[in-house]
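This report refers to the structure that appears directly beneath it.
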Amino acid sequence: MLIESYKIASHNDDLLKAHKNKLVFTASEIAETESIIQKLIDFQIAIPSWALGTGGTRFGRFPGGGEPRSLEEKIEDVGLLHALNNASGAISLHIPWDIPTDYQAIKVLAAQHNLKFDAVNSNTFQDQADQAHSYKFGSLQNVNKAVRKQAVAHNIEVIQQGIALGSESLTVWLADGSCFPGQLNFRKAYQNTLESLEEIYAALPSNWKLYLEYKCAEPNFYSTTVADWGQSYSYVKKLGDKAFTLVDLGHHLPNANIEQIVSLLLMEEKLGGFHFNDSKYGDDDLTAGALKPYQLFLIFNELVEGMDSRGMNHAKDLGWMIDASHNVKDPMEDLLQSVEAIMVAYAQALSVDRKALEIAQNENDVVTAQEILQNAFRTDVRALVAEARLRSGAALNPVGLYRDLAVRKGLITERGFKTVATGL
């Protein structure tokens, strides 16, 4: 299914007058709006292939119809998102859920939708039908060397898959850990994991990056082998210059200061990128910015300051990806909302008066420092985000146009109502 450019243009024409009025007002409130708009145009957020189906919990899953039945249809769905917001220009594949049968044809299809292939993701948290050994007691940490070798081989295979697609990074998330005290020797589990990661790292092409994700709990509830940012940092520091920590916003203990974590990892040149989502209780994978928009802004505040201090390219030097999937929303609408929230937080952070904030910090003027940040957060920057979309040929109101065009209904007509996305 395609969204023709004339439909987007017609949609924008209907909203243009009101948008221009909002933009004039916003520009009167914020300095250097042209620079901010250009950065927003350049900024792209990868969509994970697994987020295009309806999510769920261990208690149930309620598909909404028209879900992508193949990798080709997942690429088409990301193409729809990108046509609507021009900020979703990459897809991140999960192996073995999404293994191409014809790499060249898949690359051609992605190019037709103006998409690139972001990080490829390995899977050693599930047993696959044809594997020889189970990951029930861990993968890269497993006491059985044969299991570890199997997990390493899978990750190396994923790298080869990524090379064929033009990807340049591998994301490793481990479910490894223990459920009960005494089950695991922590030191040996760390050493086994490090040795396994070293084998995977050695298989990386020279231009690739390895992102090591962490998680404080689940599926193992007593211990996880890469439990927090410090443990991930410990591994990637030992691995080498191509290894980085990946921050998933839902993988922390309650009330963790994620913005401080981000700042320090960036300072140490070991921040690789993000999995964006939101949460109330744990790793809820809710729509980004739905519950804690101020935290999302504070994270971007540290990112902008840290990247600028190192002369980094905002759009290219870190990995940006959504990792959200909710079981009561249309997945496409959920993703459009997440991208919007991320872009808004980024625009707010770009509008912060850095010089004034630095002066307030150096003078220990706590009140002024707080006012500077909260004023930026409370300023409505949605017109800037919309203008970036307008200039790049996307929709002023992506969710509105998605509904006006009855995209989900069209997908159900094309694919059927009782479809289940692959990999879920």
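Letters for chains follow the order of the structure tokens (A, B, ...), residue numbers begin at 1 for each chain, and ligand numbers begin at 1 in the order shown.
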Apply DSSP to the backbone of this structure and, from stretch 104-281 of chain A, keep only the residues in alpha helix (DSSP H); write these as a PyMOL selection string.
chain A and resi 104-112+145-165+186-202+229-239+258-267
| message | Which residues are near A:Gln150? Cut-off 9 Å, only C-alpha atoms, ignore same chain within fewer than 5 positions. Put them as a list of chain:residue names. | response |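 Here the qualifying residues turn out to be A:Gln131, A:Ala132, A:His133, A:Ser139, A:Leu140, A:Lys145, A:Asn155.
All residues of stretch 13-171 of chain A that DSSP, run on the backbone, classes as strand (DSSP E) are Ile47, Pro48, Gly56, Thr57, Gly60, Arg61, Ala90, Ile91, Ser92, Lys116, Phe117, Val120, Asn121, Ser169, Leu170 and Thr171 of chain A.
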Would you mind exporting C-alpha atoms of the selected residues as a compact mmCIF listing (two decimals), in the first residue's frame?
# COMPACT_ATOMS: atom_id res chain seq x y z
CA ILE A 47 11.64 1.39 13.28
CA PRO A 48 12.09 -2.17 14.56
CA GLY A 56 0.91 -8.24 23.98
CA THR A 57 1.74 -9.76 27.33
CA GLY A 60 -2.69 -12.69 25.77
CA ARG A 61 -2.36 -10.94 22.47
CA ALA A 90 15.37 3.05 8.53
CA ILE A 91 14.23 -0.40 9.58
CA SER A 92 15.96 -2.58 12.18
CA LYS A 116 18.01 2.04 4.99
CA PHE A 117 18.79 -0.95 7.19
CA VAL A 120 20.52 -6.00 13.07
CA ASN A 121 19.44 -7.72 16.27
CA SER A 169 25.84 -2.40 13.55
CA LEU A 170 24.82 -5.36 15.71
CA THR A 171 22.63 -5.07 18.80
#### Entry: Near-stretch 413-417 of chain A list (9 Å; only C-alpha atoms; drop same-chain fewer than 5 positions) as a list in words
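Selected residues are Met1, Pro63, Gly64, Gly65, Gly66, Glu67, Pro68, Arg69 and Arg408 of chain A.
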Practice task
Rank A:Leu84, A:Val158, A:Val344, A:Leu265 by their smallest atom-to-atom distance to A:Thr379, using only C-alpha atoms, and report the top residue only.
Solution key: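 The closest residue to A:Thr379 is A:Val344.
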| request: Tell me, as JSON, numbers by chain, which residues lie within 10 Å of A:Asp404, counting only C-alpha atoms; anything in the same chain fewer than 5 positions away does not count. | output: {"A": [11, 398, 399]}
Go ahead and save the residues from that selection, with C-alpha atoms, as a PDB file, in the first residue's frame.
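In the end it all went to part06.pdb:
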ATOM      1  CA  HIS A  11      -3.944  17.199   3.452  1.00  0.00           C
ATOM      2  CA  PRO A 398       0.597  12.158  10.328  1.00  0.00           C
ATOM      3  CA  VAL A 399      -1.895  10.414  12.618  1.00  0.00           C
TER       4      VAL A 399
END
Excluding A:Gly400 and residues on its chain fewer than 5 positions from it, collect all residues at most 12 Å away from it, counting only C-alpha atoms, and give them as an MDAnalysis selection string.
chainID A and resid 8 11:12 14:15 84:85 333 336:337 395 405:407
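The residue set within 9 Å of A:Val339, counting only C-alpha atoms and dropping same-chain residues fewer than 3 places from it, reads Ile45, Asn85, Ala87, Ser88, Ala288, Ile322, Asp334, Leu335, Leu336, Ile342, Met343 and Val344 of chain A.
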Between A:Ile261, A:Gln128, A:Gly272, A:Val143, smallest distance to A:Asn185 by only C-alpha atoms belongs to A:Val143
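Taking atom CA of A:Ala27 and atom CA of A:Val381 as endpoints, the distance between them is 9.2 Å.
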- Item | Residues within 9 Å of A:Ala315, only C-alpha atoms, excluding chain neighbours under 6 positions, as a list of chain:residue names | A:Lys39, A:Leu40, A:Asp42, A:Phe43, A:Gln44, A:Ile45
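Remark: for A:Ala349, the closest of the candidate residues A:Ile30, A:Ala51, A:Ala175, A:Ala119 is A:Ile30 (distances computed over only C-alpha atoms).
Each of A:Leu246, A:Ala189, A:Leu212, A:Ala256 was checked against A:Thr224 using only C-alpha atoms; the smallest atom-to-atom distance is that of A:Ala189.
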In terms of only C-alpha atoms, the residue from A:Asp330, A:Ile163, A:Lys242, A:Ser223 at minimal distance from A:Leu411 is A:Asp330
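Here atom CA of A:Glu32 stands at a distance of 14.0 Å from atom CA of A:Lys355.
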